[in-house]
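File shown: coords_37.cif (mmCIF, C-alpha atoms).
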data_structure
loop_
_atom_site.label_atom_id
_atom_site.label_comp_id
_atom_site.auth_asym_id
_atom_site.auth_seq_id
_atom_site.Cartn_x
_atom_site.Cartn_y
_atom_site.Cartn_z
CA MET A 10 92.60 279.11 -211.55
CA GLY A 11 91.44 276.02 -213.42
CA ILE A 12 92.33 277.69 -216.71
CA ILE A 13 95.78 278.56 -215.51
CA GLU A 14 96.41 275.04 -214.25
CA ALA A 15 95.33 273.70 -217.65
CA LEU A 16 97.71 276.10 -219.38
CA VAL A 17 100.63 275.03 -217.20
CA PHE A 18 99.83 271.41 -217.95
CA ALA A 19 99.44 271.85 -221.70
CA SER A 20 102.50 274.01 -222.25
CA GLU A 21 105.45 272.29 -223.88
CA ARG A 22 108.03 274.46 -222.13
CA PRO A 23 107.89 276.08 -218.69
CA ILE A 24 105.08 278.57 -219.17
CA ARG A 25 105.85 282.19 -218.33
CA GLU A 26 103.50 284.64 -216.71
CA ASP A 27 103.61 286.62 -219.96
CA ASP A 28 102.39 283.62 -221.93
CA ILE A 29 99.39 283.35 -219.64
CA LYS A 30 98.71 287.07 -219.91
CA LYS A 31 98.50 286.76 -223.68
CA VAL A 32 95.79 284.12 -223.33
CA LEU A 33 94.00 285.93 -220.51
CA PRO A 34 94.38 289.65 -221.29
CA ALA A 35 91.57 290.61 -218.90
CA VAL A 36 93.27 289.11 -215.85
CA LYS A 37 95.62 291.32 -213.89
CA PRO A 38 99.27 290.15 -213.80
CA LYS A 39 99.11 290.23 -210.02
CA ASP A 40 96.17 287.83 -210.01
CA ILE A 41 97.93 285.51 -212.43
CA ARG A 42 100.92 285.35 -210.16
CA GLU A 43 98.78 284.73 -207.11
CA ALA A 44 96.86 281.97 -208.86
CA LEU A 45 100.15 280.33 -209.81
CA GLN A 46 101.41 280.53 -206.23
CA ASP A 47 98.12 279.00 -205.03
CA LEU A 48 98.48 276.19 -207.54
CA ILE A 49 102.01 275.48 -206.34
CA GLU A 50 100.73 275.28 -202.79
CA ILE A 51 97.75 273.10 -203.60
CA HIS A 52 99.92 270.56 -205.38
CA ASP A 53 102.45 270.67 -202.57
CA LYS A 54 99.77 269.94 -200.03
CA ASN A 55 97.96 267.08 -201.67
CA SER A 56 100.27 264.16 -202.01
CA GLY A 57 99.66 263.53 -205.69
CA GLY A 58 102.21 262.38 -208.18
CA MET A 59 103.02 265.80 -209.52
CA TYR A 60 104.05 269.23 -208.38
CA ILE A 61 104.35 272.62 -210.05
CA THR A 62 107.73 274.26 -209.89
CA GLN A 63 109.19 277.55 -210.97
CA VAL A 64 111.91 276.78 -213.42
CA ALA A 65 113.89 278.73 -216.02
CA GLY A 66 111.61 281.74 -215.74
CA GLY A 67 108.37 279.78 -216.05
CA TYR A 68 106.12 277.24 -214.38
CA GLN A 69 106.06 273.53 -215.04
CA PHE A 70 104.42 270.31 -213.89
CA ARG A 71 106.90 267.64 -212.83
CA THR A 72 106.58 264.22 -211.31
CA ARG A 73 107.71 263.88 -207.73
CA ALA A 74 111.26 262.70 -207.14
CA GLU A 75 110.09 259.89 -204.86
CA PHE A 76 108.51 258.12 -207.82
CA SER A 77 111.57 258.34 -210.06
CA GLN A 78 112.32 254.62 -210.02
CA TYR A 79 108.88 253.72 -211.37
CA ILE A 80 109.08 256.24 -214.16
CA ARG A 81 112.55 255.14 -215.08
CA SER A 82 111.28 251.62 -215.23
CA LEU A 83 108.33 252.69 -217.39
CA LEU A 84 110.60 254.57 -219.78
CA GLU A 85 113.25 251.87 -219.55
CA ILE A 86 116.04 254.28 -218.77
CA LYS A 87 118.95 254.26 -216.40
CA PRO A 88 119.48 257.23 -214.11
CA LYS A 89 121.25 259.87 -216.09
CA ARG A 90 124.53 260.89 -214.63
CA LEU A 91 127.27 263.36 -215.31
CA SER A 92 130.83 262.55 -214.36
CA ARG A 93 132.45 264.41 -211.50
CA ALA A 94 134.63 266.25 -213.99
CA ALA A 95 131.54 267.38 -215.88
CA MET A 96 129.74 268.47 -212.70
CA GLU A 97 132.78 270.43 -211.54
CA THR A 98 133.13 272.20 -214.85
CA LEU A 99 129.43 272.92 -214.98
CA SER A 100 129.53 274.44 -211.49
CA ILE A 101 132.47 276.64 -212.33
CA VAL A 102 130.69 277.98 -215.39
CA ALA A 103 127.41 278.40 -213.51
CA TYR A 104 128.97 280.49 -210.76
CA ARG A 105 131.65 282.30 -212.70
CA GLN A 106 130.06 282.92 -216.08
CA PRO A 107 130.99 284.32 -218.46
CA VAL A 108 134.21 282.30 -218.35
CA THR A 109 136.83 281.17 -220.80
CA ARG A 110 138.22 277.67 -221.04
CA GLN A 111 141.43 279.04 -219.59
CA ASP A 112 139.60 280.30 -216.48
CA ILE A 113 138.11 276.87 -215.97
CA GLU A 114 141.39 275.08 -216.45
CA ARG A 115 143.17 277.39 -214.04
CA LEU A 116 140.60 276.51 -211.39
CA ARG A 117 140.49 272.78 -212.03
CA GLY A 118 144.18 272.46 -212.79
CA VAL A 119 143.48 270.09 -215.63
CA ASP A 120 142.63 270.12 -219.33
CA SER A 121 138.89 270.66 -219.70
CA GLY A 122 138.40 270.65 -223.46
CA GLY A 123 136.70 267.26 -223.57
CA VAL A 124 134.34 268.00 -220.71
CA LEU A 125 133.39 271.35 -222.22
CA LYS A 126 132.55 269.66 -225.48
CA LEU A 127 130.37 267.12 -223.70
CA LEU A 128 128.51 269.87 -221.84
CA LEU A 129 128.03 271.83 -225.05
CA ASP A 130 126.69 268.69 -226.75
CA ARG A 131 124.31 268.16 -223.88
CA LYS A 132 123.19 271.79 -224.31
CA LEU A 133 123.92 272.56 -220.67
CA LEU A 134 126.46 275.15 -221.78
CA LYS A 135 126.62 277.54 -224.68
CA ILE A 136 129.19 279.77 -226.28
CA MET A 137 128.29 283.33 -225.42
CA GLY A 138 130.81 285.05 -227.63
CA LYS A 139 134.48 285.91 -227.67
CA GLN A 140 136.40 287.79 -225.08
CA ASP A 141 137.94 290.97 -226.39
CA ILE A 142 141.52 290.15 -225.46
CA PRO A 143 144.41 288.86 -227.56
CA GLY A 144 143.58 285.41 -228.90
CA LYS A 145 139.86 286.15 -228.67
CA PRO A 146 139.05 283.15 -226.46
CA LEU A 147 135.50 281.81 -226.47
CA ILE A 148 133.41 282.55 -223.44
CA TYR A 149 130.97 280.06 -222.00
CA GLY A 150 127.76 280.36 -220.05
CA THR A 151 124.95 278.11 -218.91
CA THR A 152 121.77 277.59 -220.92
CA LYS A 153 118.07 277.52 -220.23
CA GLU A 154 118.36 273.73 -220.41
CA PHE A 155 120.79 273.95 -217.50
CA LEU A 156 118.17 275.71 -215.37
CA GLU A 157 115.54 273.19 -216.47
CA THR A 158 117.76 270.21 -215.75
CA PHE A 159 118.55 271.31 -212.22
CA GLY A 160 115.12 272.74 -211.54
CA LEU A 161 116.38 276.28 -211.01
CA LYS A 162 114.15 279.33 -211.28
CA ASP A 163 117.05 281.46 -212.47
CA LEU A 164 120.77 281.82 -211.90
CA THR A 165 120.33 283.75 -208.68
CA SER A 166 118.65 280.73 -207.13
CA LEU A 167 121.87 278.73 -207.29
CA PRO A 168 122.89 277.91 -203.71
CA SER A 169 125.56 280.31 -202.57
CA LEU A 170 129.13 279.07 -202.64
CA LYS A 171 130.54 278.08 -199.31
CA GLU A 172 132.81 280.53 -197.64
CA MET A 173 136.42 279.51 -197.35
CA ASN A 174 136.15 278.73 -193.67
CA GLU A 175 133.22 276.35 -194.18
CA LEU A 176 135.03 274.17 -196.63
CA PHE A 177 136.73 271.72 -194.34
CA ASP A 178 134.10 270.41 -192.02
CA GLU A 179 136.64 269.28 -189.46
CA GLY A 180 136.81 272.94 -188.53
CA GLU A 181 140.50 272.79 -187.84
CA ILE A 182 141.26 275.50 -190.33
CA GLU A 183 138.83 278.06 -189.07
CA GLN A 184 141.37 279.85 -186.97
CA GLN A 185 143.82 280.18 -189.79
CA THR A 186 141.20 281.48 -192.17
CA SER A 187 140.18 284.22 -189.83
CA LEU A 188 143.82 285.11 -189.35
CA LEU A 189 144.36 285.15 -193.04
CA PHE A 190 141.22 286.92 -194.10
CA GLY A 191 140.64 289.06 -191.07
CA ASP A 192 141.55 292.24 -192.86
CA GLU A 193 141.46 291.27 -196.50
CA ASP A 194 138.02 289.87 -197.10
CA THR A 195 138.12 290.96 -200.71
CA GLN A 196 140.40 288.09 -201.58
CA THR A 197 137.80 285.45 -200.95
CA GLU A 198 135.35 286.51 -203.57
CA MET B 7 157.16 259.95 -218.10
CA GLY B 8 158.91 256.86 -219.37
CA THR B 9 156.40 256.18 -222.09
CA ASP B 10 159.01 254.83 -224.45
CA THR B 11 160.66 252.50 -221.95
CA GLU B 12 159.54 248.92 -222.12
CA HIS B 13 156.83 248.27 -219.63
CA PRO B 14 157.76 245.59 -217.09
CA PHE B 15 154.43 243.82 -217.38
CA GLY B 16 154.23 243.78 -221.12
CA ILE B 17 151.05 245.81 -221.16
CA ASP B 18 152.43 248.59 -223.33
CA ARG B 19 149.86 247.74 -225.89
CA TYR B 20 147.10 248.87 -223.62
CA THR B 21 147.35 252.43 -222.57
CA VAL B 22 144.42 252.78 -220.26
CA LYS B 23 142.85 256.17 -220.54
CA LEU B 24 140.82 256.94 -217.50
CA ASP B 25 138.99 260.12 -216.93
CA ILE B 26 138.29 259.10 -213.36
CA PHE B 27 141.52 260.79 -212.34
CA GLU B 28 140.35 264.31 -211.84
CA GLY B 29 143.71 266.01 -211.95
CA PRO B 30 146.55 267.07 -209.69
CA LEU B 31 144.52 269.42 -207.49
CA ASP B 32 142.03 266.67 -206.81
CA LEU B 33 144.83 264.28 -205.91
CA LEU B 34 146.45 266.84 -203.58
CA LEU B 35 143.14 267.57 -201.88
CA TYR B 36 142.61 263.88 -201.39
CA LEU B 37 146.05 263.54 -199.78
CA VAL B 38 145.49 266.58 -197.54
CA LYS B 39 142.18 265.22 -196.29
CA LYS B 40 143.32 261.66 -195.87
CA ASN B 41 146.25 262.76 -193.72
CA GLU B 42 144.19 265.43 -191.99
CA TYR B 43 146.77 268.02 -192.82
CA ASP B 44 146.08 271.65 -192.11
CA ILE B 45 145.56 273.22 -195.51
CA PHE B 46 147.56 276.29 -194.48
CA ASP B 47 150.41 274.26 -193.08
CA ILE B 48 150.86 271.38 -195.48
CA PRO B 49 154.03 269.39 -194.82
CA ILE B 50 155.38 269.82 -198.32
CA ALA B 51 158.09 267.18 -198.16
CA ARG B 52 155.67 264.48 -197.03
CA ILE B 53 152.91 265.39 -199.42
CA THR B 54 155.35 265.56 -202.32
CA GLU B 55 156.52 262.08 -201.48
CA GLN B 56 152.97 260.73 -201.46
CA TYR B 57 152.11 262.62 -204.59
CA MET B 58 155.07 261.07 -206.38
CA GLU B 59 154.06 257.62 -205.12
CA HIS B 60 150.71 258.08 -206.78
CA LEU B 61 152.30 259.17 -210.03
CA GLU B 62 154.56 256.13 -209.89
CA LEU B 63 151.54 253.92 -209.35
CA MET B 64 149.80 255.47 -212.31
CA ARG B 65 152.89 254.78 -214.34
CA VAL B 66 152.98 251.15 -213.21
CA LEU B 67 149.37 250.87 -214.30
CA ASN B 68 150.37 252.39 -217.60
CA LEU B 69 147.75 255.07 -217.15
CA ASP B 70 148.04 258.10 -219.27
CA ILE B 71 149.61 260.68 -216.99
CA ALA B 72 148.51 264.09 -218.11
CA GLY B 73 151.12 266.82 -218.31
CA GLU B 74 149.36 268.75 -215.55
CA TYR B 75 150.43 266.14 -213.01
CA LEU B 76 154.04 266.73 -213.91
CA VAL B 77 153.65 270.50 -213.75
CA MET B 78 152.26 270.08 -210.24
CA ALA B 79 155.16 267.83 -209.30
CA ALA B 80 157.50 270.61 -210.41
CA THR B 81 155.48 273.18 -208.45
CA LEU B 82 155.74 271.07 -205.31
CA ALA B 83 159.48 270.69 -205.80
CA HIS B 84 159.76 274.43 -206.26
CA ILE B 85 157.86 275.18 -203.07
CA LYS B 86 159.96 272.66 -201.22
CA SER B 87 163.18 274.32 -202.35
CA LYS B 88 161.86 277.76 -201.45
CA MET B 89 161.09 276.57 -197.96
CA LEU B 90 164.66 275.45 -197.49
CA LEU B 91 165.89 278.98 -198.10
CA PRO B 92 166.18 281.24 -195.08
CA VAL B 93 163.35 283.75 -194.89
CA PRO B 94 164.79 287.09 -196.00
CA GLU B 95 164.66 289.93 -193.50
CA PRO B 96 161.80 292.26 -194.43
CA GLU B 97 163.60 295.36 -195.64
CA ASP B 98 161.61 298.46 -196.47
CA GLY B 99 158.27 297.36 -195.16
CA GLU B 100 157.28 295.47 -198.31
CA GLY B 101 155.51 292.54 -196.72
CA ASP B 102 155.73 290.20 -199.65
CA GLU B 103 159.08 288.57 -199.04
CA GLY B 104 158.02 286.91 -195.85
CA GLU B 105 155.05 285.16 -197.44
CA ASP B 106 154.75 281.42 -197.01
CA PRO B 107 155.59 279.87 -200.39
CA ARG B 108 152.78 277.35 -199.79
CA MET B 109 150.06 279.96 -199.56
CA GLU B 110 149.33 280.20 -203.27
CA LEU B 111 148.84 276.46 -203.48
CA ALA B 112 146.61 276.49 -200.38
CA MET B 113 144.43 279.16 -201.98
CA ARG B 114 144.15 277.17 -205.21
CA LEU B 115 143.17 274.07 -203.28
CA LEU B 116 140.54 275.95 -201.30
CA GLU B 117 139.09 277.57 -204.39
CA TYR B 118 138.96 274.20 -206.10
CA GLN B 119 137.30 272.68 -203.05
CA ARG B 120 134.59 275.33 -203.26
CA PHE B 121 133.58 274.22 -206.71
CA LYS B 122 133.87 270.57 -205.81
CA ASP B 123 131.39 271.24 -203.03
CA ALA B 124 129.12 273.23 -205.32
CA ALA B 125 129.17 270.37 -207.84
CA GLN B 126 128.34 267.94 -205.06
CA THR B 127 125.39 270.08 -203.98
CA LEU B 128 124.10 270.43 -207.53
CA SER B 129 124.16 266.67 -208.01
CA THR B 130 121.76 266.25 -205.09
CA PHE B 131 119.15 268.45 -206.74
CA ASP B 132 116.07 266.94 -208.32
CA ILE B 133 117.47 266.48 -211.76
CA LEU B 134 115.24 266.30 -214.81
CA MET B 135 115.15 262.82 -216.35
CA ARG B 136 116.87 261.38 -213.31
CA ASP B 137 114.62 262.27 -210.37
CA VAL B 138 111.79 264.22 -211.90
CA PHE B 139 110.06 263.89 -215.25
CA LEU B 140 107.79 265.78 -217.58
CA LYS B 141 104.71 264.40 -219.20
CA GLY B 142 105.46 262.44 -222.35
CA ALA B 143 109.14 262.95 -221.78
CA GLU B 144 111.30 262.24 -224.76
CA VAL B 145 113.58 259.35 -223.99
CA GLU B 146 117.17 259.66 -225.00
CA ARG B 147 119.23 256.54 -224.88
CA ASP B 148 121.70 256.91 -222.10
CA THR B 149 125.19 257.26 -223.45
CA SER B 150 126.79 258.72 -220.37
CA GLU B 151 130.12 257.41 -219.29
CA GLU B 152 129.59 257.68 -215.60
CA VAL B 153 132.19 256.32 -213.28
CA LEU B 154 132.34 255.57 -209.62
CA GLU B 155 130.88 258.15 -207.35
CA ASP B 156 130.67 256.33 -204.08
CA LEU B 157 134.38 255.98 -203.54
CA SER B 158 137.28 258.13 -204.49
CA ILE B 159 139.45 256.60 -207.15
CA TYR B 160 142.44 257.42 -204.96
CA GLU B 161 141.11 255.22 -202.17
CA LEU B 162 141.00 252.44 -204.68
CA VAL B 163 144.51 253.15 -205.86
CA MET B 164 145.76 253.20 -202.26
CA ALA B 165 144.13 249.84 -201.60
CA PHE B 166 145.70 248.52 -204.74
CA ARG B 167 149.10 249.87 -203.72
CA LYS B 168 148.99 247.88 -200.53
CA ILE B 169 148.25 244.69 -202.42
CA LEU B 170 150.93 245.43 -204.97
CA LEU B 171 153.55 245.92 -202.26
CA GLU B 172 152.65 242.57 -200.72
CA ALA B 173 152.70 240.69 -203.99
CA PRO B 174 155.84 238.63 -204.58
CA LYS B 175 158.13 240.06 -207.23
CA ASP B 176 158.11 237.81 -210.23
CA SER B 177 160.98 237.33 -212.54
CA PHE B 178 160.86 239.12 -215.79
CA HIS B 179 160.94 236.41 -218.41
CA GLU B 180 158.14 234.10 -217.39
CA ILE B 181 155.59 236.86 -217.33
CA ILE B 182 155.43 237.87 -220.91
CA VAL B 183 155.13 234.26 -221.98
CA GLU B 184 152.59 233.00 -219.49
CA GLU B 185 150.27 235.88 -218.70
CA MET B 186 146.76 236.23 -219.93
CA SER B 187 145.96 239.34 -221.89
CA LEU B 188 144.19 242.26 -220.28
CA GLN B 189 141.06 241.40 -222.22
CA GLU B 190 141.10 237.88 -220.81
CA HIS B 191 141.45 239.33 -217.33
CA ILE B 192 138.49 241.62 -217.94
CA ASP B 193 136.32 238.74 -219.16
CA ASP B 194 137.42 236.60 -216.25
CA LEU B 195 136.74 239.24 -213.65
CA GLU B 196 133.39 240.06 -215.17
CA ARG B 197 132.37 236.40 -214.94
CA VAL B 198 133.46 236.16 -211.31
CA ILE B 199 131.71 239.32 -210.16
CA ALA B 200 128.55 238.62 -212.16
CA ALA B 201 128.32 235.17 -210.59
CA LYS B 202 128.95 236.32 -207.03
CA ARG B 203 127.07 239.63 -207.27
CA GLU B 204 129.24 241.05 -204.51
CA VAL B 205 132.96 240.70 -203.92
CA VAL B 206 135.36 242.16 -201.38
CA PHE B 207 138.13 244.09 -203.11
CA VAL B 208 141.09 242.28 -201.51
CA ASP B 209 139.59 238.89 -202.37
CA LEU B 210 140.10 239.66 -206.04
CA PHE B 211 143.80 239.23 -205.45
CA PRO B 212 144.61 235.76 -204.16
CA ARG B 213 147.57 235.57 -201.81
CA GLY B 214 150.76 234.92 -203.69
CA ALA B 215 149.46 236.15 -207.01
CA SER B 216 152.25 237.57 -209.12
CA ARG B 217 152.67 241.31 -209.46
CA SER B 218 151.72 241.19 -213.09
CA THR B 219 148.51 239.34 -212.27
CA VAL B 220 147.74 241.89 -209.57
CA VAL B 221 148.30 244.80 -211.95
CA LEU B 222 146.25 243.25 -214.73
CA THR B 223 143.42 242.35 -212.38
CA PHE B 224 143.32 245.91 -211.11
CA LEU B 225 143.33 247.30 -214.64
CA ALA B 226 140.51 244.94 -215.51
CA LEU B 227 138.57 246.22 -212.53
CA LEU B 228 139.10 249.83 -213.59
CA GLU B 229 137.82 248.88 -217.02
CA LEU B 230 134.67 247.34 -215.51
CA ILE B 231 134.14 250.44 -213.42
CA ARG B 232 134.52 252.62 -216.45
CA ASN B 233 132.01 250.57 -218.40
CA THR B 234 129.66 250.85 -215.41
CA ARG B 235 129.46 247.09 -215.12
CA VAL B 236 130.28 247.24 -211.44
CA ARG B 237 129.79 249.59 -208.57
CA ILE B 238 132.18 250.18 -205.74
CA TYR B 239 131.35 251.00 -202.16
CA GLN B 240 133.33 251.67 -199.06
CA ALA B 241 131.39 252.00 -195.85
CA ASP B 242 133.83 254.34 -194.14
CA THR B 243 137.17 255.87 -194.98
CA PHE B 244 139.32 252.93 -194.01
CA GLY B 245 136.62 250.29 -194.32
CA VAL B 246 136.36 247.27 -196.53
CA ILE B 247 135.93 248.06 -200.21
CA ARG B 248 133.20 246.03 -201.87
CA ILE B 249 132.43 245.57 -205.51
CA TYR B 250 128.87 245.04 -206.65
CA TRP B 251 127.58 243.81 -209.94
CA ARG B 252 125.29 246.40 -211.48
CA GLU B 253 121.95 244.70 -212.05
CA ASP B 254 120.99 247.19 -214.69
CA SER B 255 124.05 246.73 -216.82
#

Can you give me the file's structure in the form of structure tokens?
Amino acid sequence: MGIIEALVFASERPIREDDIKKVLPAVKPKDIREALQDLIEIHDKNSGGMYITQVAGGYQFRTRAEFSQYIRSLLEIKPKRLSRAAMETLSIVAYRQPVTRQDIERLRGVDSGGVLKLLLDRKLLKIMGKQDIPGKPLIYGTTKEFLETFGLKDLTSLPSLKEMNELFDEGEIEQQTSLLFGDEDTQTE
Amino acid sequence: MGTDTEHPFGIDRYTVKLDIFEGPLDLLLYLVKKNEYDIFDIPIARITEQYMEHLELMRVLNLDIAGEYLVMAATLAHIKSKMLLPVPEPEDGEGDEGEDPRMELAMRLLEYQRFKDAAQTLSTFDILMRDVFLKGAEVERDTSEEVLEDLSIYELVMAFRKILLEAPKDSFHEIIVEEMSLQEHIDDLERVIAAKREVVFVDLFPRGASRSTVVLTFLALLELIRNTRVRIYQADTFGVIRIYWREDS
């Protein structure tokens, strides 16, 4: 277990189980996985400054969120933020990928060229190819950096989108939604 | 929308481009929530009126009104006209004719709301280089153009509208001669807020200030928000809006 912890620490990128297997061919994959889970637990339990998290298909040491202000002060950085427009666009791509710019703009109701460019520059999105329809529009998807930035194991660990009837917390629309979707559930997804 | 007409406050030279306006759907959602309208039964006439008021306000501020806002205005007008027509008798069982002309818009708003919520949730995650860090993390100089997140821009515009309506109309000629430039207003406002650290929004506009001063002060404030010099808070929906100097700026 000590070896595996050292490997997780020393790895530049989130280390995958396969990477560990290459270093430790004699250890069974099942044991590697168990050791990793144990390590996650150990670091969760002791209240040290770091934790191990499963991110972008691998494992990685990160500093705990509660200490962010000290680290920012050490590194002399301001909290990094994305505008609401960028976060919206990013979410649409994350949940609906592969998508075209047109898909995004139909959903947001507003030109999204600038935001897309920003997200591409930040490497949170990538161009996945061209859609095989007239005009051959580019299709976009999220990157590994996206998973790393938001601390996601993979795309399936994105929180599920709210159902239509959960959207307005006042609850006054619940009745109408059930009336509307009672027999045509397919429309919501 | 009237871009080539002379602007009453002589601020044509400054077209303020603000990406804090998120688009027509965002504006409509804001109006629906603020008025606590039922999303499936939006009073189209009233919401169109309010929507147009906002567009007018954006025009007064000489903000760049994207074409999408005008398309939405046309859509609203179209729905409104459809609702004035008598509902046709369903003939041979095809259910479509009887459909509420507002339904498509409601669905778009709901779908948009879903992703707004998802974006909101994602922003609360432990984000790398914001909340959590790696060892020996490479530091990139922050070039982000973040804007206000604590208060909807529309709340701010509504608050501004109230002040604008109360401001005495000033006669046309004096203004152009006597007014300070927008840049001077920005510098002025920055000095005031930096000195006081915290200011109440309405106090930025002294009673009796001319309309042009009010508009320019508001534009200056938007500029400071955009440059992340200040931060805006509102405790609750109709509460006092406060402006804070950003210590880290």

**Message:** Selection in question (the file shown): the PyMOL selection byres ((chain B) within 7 of (chain A)). Which residues does it include, as a list in words?
**Reply:**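 Written out, the selection comes to Glu28, Gly29, Pro30, Leu31, Asp44, Glu74, Leu116, Tyr118, Gln119, Arg120, Phe121, Lys122, Ala124, Ala125, Phe131, Asp132, Ile133, Leu134, Met135, Arg136, Asp137, Val138, Phe139, Leu140, Asp148, Ser150, Glu152 and Val153 of chain B.
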
Could those selected residues go to a file with C-alpha atoms, as a PDB file, in the frame of the given file?
ATOM      1  CA  GLU B  28     140.350 264.310-211.840  1.00  0.00           C
ATOM      2  CA  GLY B  29     143.710 266.010-211.950  1.00  0.00           C
ATOM      3  CA  PRO B  30     146.550 267.070-209.690  1.00  0.00           C
ATOM      4  CA  LEU B  31     144.520 269.420-207.490  1.00  0.00           C
ATOM      5  CA  ASP B  44     146.080 271.650-192.110  1.00  0.00           C
ATOM      6  CA  GLU B  74     149.360 268.750-215.550  1.00  0.00           C
ATOM      7  CA  LEU B 116     140.540 275.950-201.300  1.00  0.00           C
ATOM      8  CA  TYR B 118     138.960 274.200-206.100  1.00  0.00           C
ATOM      9  CA  GLN B 119     137.300 272.680-203.050  1.00  0.00           C
ATOM     10  CA  ARG B 120     134.590 275.330-203.260  1.00  0.00           C
ATOM     11  CA  PHE B 121     133.580 274.220-206.710  1.00  0.00           C
ATOM     12  CA  LYS B 122     133.870 270.570-205.810  1.00  0.00           C
ATOM     13  CA  ALA B 124     129.120 273.230-205.320  1.00  0.00           C
ATOM     14  CA  ALA B 125     129.170 270.370-207.840  1.00  0.00           C
ATOM     15  CA  PHE B 131     119.150 268.450-206.740  1.00  0.00           C
ATOM     16  CA  ASP B 132     116.070 266.940-208.320  1.00  0.00           C
ATOM     17  CA  ILE B 133     117.470 266.480-211.760  1.00  0.00           C
ATOM     18  CA  LEU B 134     115.240 266.300-214.810  1.00  0.00           C
ATOM     19  CA  MET B 135     115.150 262.820-216.350  1.00  0.00           C
ATOM     20  CA  ARG B 136     116.870 261.380-213.310  1.00  0.00           C
ATOM     21  CA  ASP B 137     114.620 262.270-210.370  1.00  0.00           C
ATOM     22  CA  VAL B 138     111.790 264.220-211.900  1.00  0.00           C
ATOM     23  CA  PHE B 139     110.060 263.890-215.250  1.00  0.00           C
ATOM     24  CA  LEU B 140     107.790 265.780-217.580  1.00  0.00           C
ATOM     25  CA  ASP B 148     121.700 256.910-222.100  1.00  0.00           C
ATOM     26  CA  SER B 150     126.790 258.720-220.370  1.00  0.00           C
ATOM     27  CA  GLU B 152     129.590 257.680-215.600  1.00  0.00           C
ATOM     28  CA  VAL B 153     132.190 256.320-213.280  1.00  0.00           C
TER      29      VAL B 153
END

Using the chain letters and numbers from the file, which residues does the PyMOL selection byres ((chain A and resi 135) around 12) grab, as a short mmCIF file (atom, residue, chain, number, x, y, z; two decimals) with C-alpha atoms, in the coordinates of the input?
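Contents of the output file expr.cif:
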data_model
loop_
_atom_site.label_atom_id
_atom_site.label_comp_id
_atom_site.auth_asym_id
_atom_site.auth_seq_id
_atom_site.Cartn_x
_atom_site.Cartn_y
_atom_site.Cartn_z
CA LEU A 99 129.43 272.92 -214.98
CA VAL A 102 130.69 277.98 -215.39
CA ALA A 103 127.41 278.40 -213.51
CA GLN A 106 130.06 282.92 -216.08
CA PRO A 107 130.99 284.32 -218.46
CA VAL A 108 134.21 282.30 -218.35
CA THR A 109 136.83 281.17 -220.80
CA LEU A 125 133.39 271.35 -222.22
CA LYS A 126 132.55 269.66 -225.48
CA LEU A 127 130.37 267.12 -223.70
CA LEU A 128 128.51 269.87 -221.84
CA LEU A 129 128.03 271.83 -225.05
CA ASP A 130 126.69 268.69 -226.75
CA ARG A 131 124.31 268.16 -223.88
CA LYS A 132 123.19 271.79 -224.31
CA LEU A 133 123.92 272.56 -220.67
CA LEU A 134 126.46 275.15 -221.78
CA ILE A 136 129.19 279.77 -226.28
CA MET A 137 128.29 283.33 -225.42
CA GLY A 138 130.81 285.05 -227.63
CA LYS A 139 134.48 285.91 -227.67
CA LEU A 147 135.50 281.81 -226.47
CA ILE A 148 133.41 282.55 -223.44
CA TYR A 149 130.97 280.06 -222.00
CA GLY A 150 127.76 280.36 -220.05
CA THR A 151 124.95 278.11 -218.91
CA THR A 152 121.77 277.59 -220.92
CA LYS A 153 118.07 277.52 -220.23
CA GLU A 154 118.36 273.73 -220.41
CA PHE A 155 120.79 273.95 -217.50
#

**Complete:** From CA of Leu222 (chain B) to CA of Arg235 (chain B) the spacing works out at 17.2 Å

**Asked** Could you spell out the hits of the PyMOL selection byres ((chain B and resi 193) around 12) on the shown file, as a ChimeraX atom specification?
**Response** /B:186-192,194-200,222-223,225-227,229-230,235

**Prompt:** What is the CA of Val208 (chain B)-CA of Arg248 (chain B) distance in Å, reported with one decimal?
**Reply:** 8.7 Å

**Asked** Which residues come within 12 Å of Gly214 (chain B), counting only C-alpha atoms, excluding same-chain residues fewer than 4 positions away, as a VMD selection string?
**Response** chain B and resid 169 to 176 209 to 210 218 to 220

**Message:** Just the number, please: distance in Å from CA of Ala72 (chain B) to CA of Leu33 (chain B), one decimal.
**Reply:**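 Here the two named atoms are 12.7 Å from each other.
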
**Message:** Need the shell around Ile51 (chain A): protein/DNA/RNA residues with any atom at most 12 Å away, counting all atoms listed in the file. Skip same-chain ones fewer than 3 positions apart. Format as a list in words?
**Reply:**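 In the requested form, the answer reads Met10, Glu14, Ala44, Leu45, Gln46, Asp47, Leu48, Lys54, Asn55, Ser56, Gly57, Met59, Tyr60, Ile61 and Thr62 of chain A.
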
**Message:** I'd like to know which of B:Arg217, B:Arg167, B:Pro212, B:Leu162 is closest to Gln240 (chain B), using all atoms listed in the file.
**Reply:** B:Leu162

**Prompt:** So which one's closest to Ile13 (chain A), A:Tyr68, A:Glu50, A:Arg105, A:Gly122? Using only C-alpha atoms, please.
**Reply:**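 Result for the nearest residue to Ile13 (chain A): A:Tyr68.
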
**Asked** Residues at most 12 Å from Ala80 (chain B), counting all atoms listed in the file, excluding those fewer than 6 positions away in the same chain, as a list of chain:residue names?
**Response**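 Listed by chain and then number, they are B:Pro30, B:Thr54, B:Tyr57, B:Met58, B:Gly73, B:Glu74, B:Lys86, B:Ser87.
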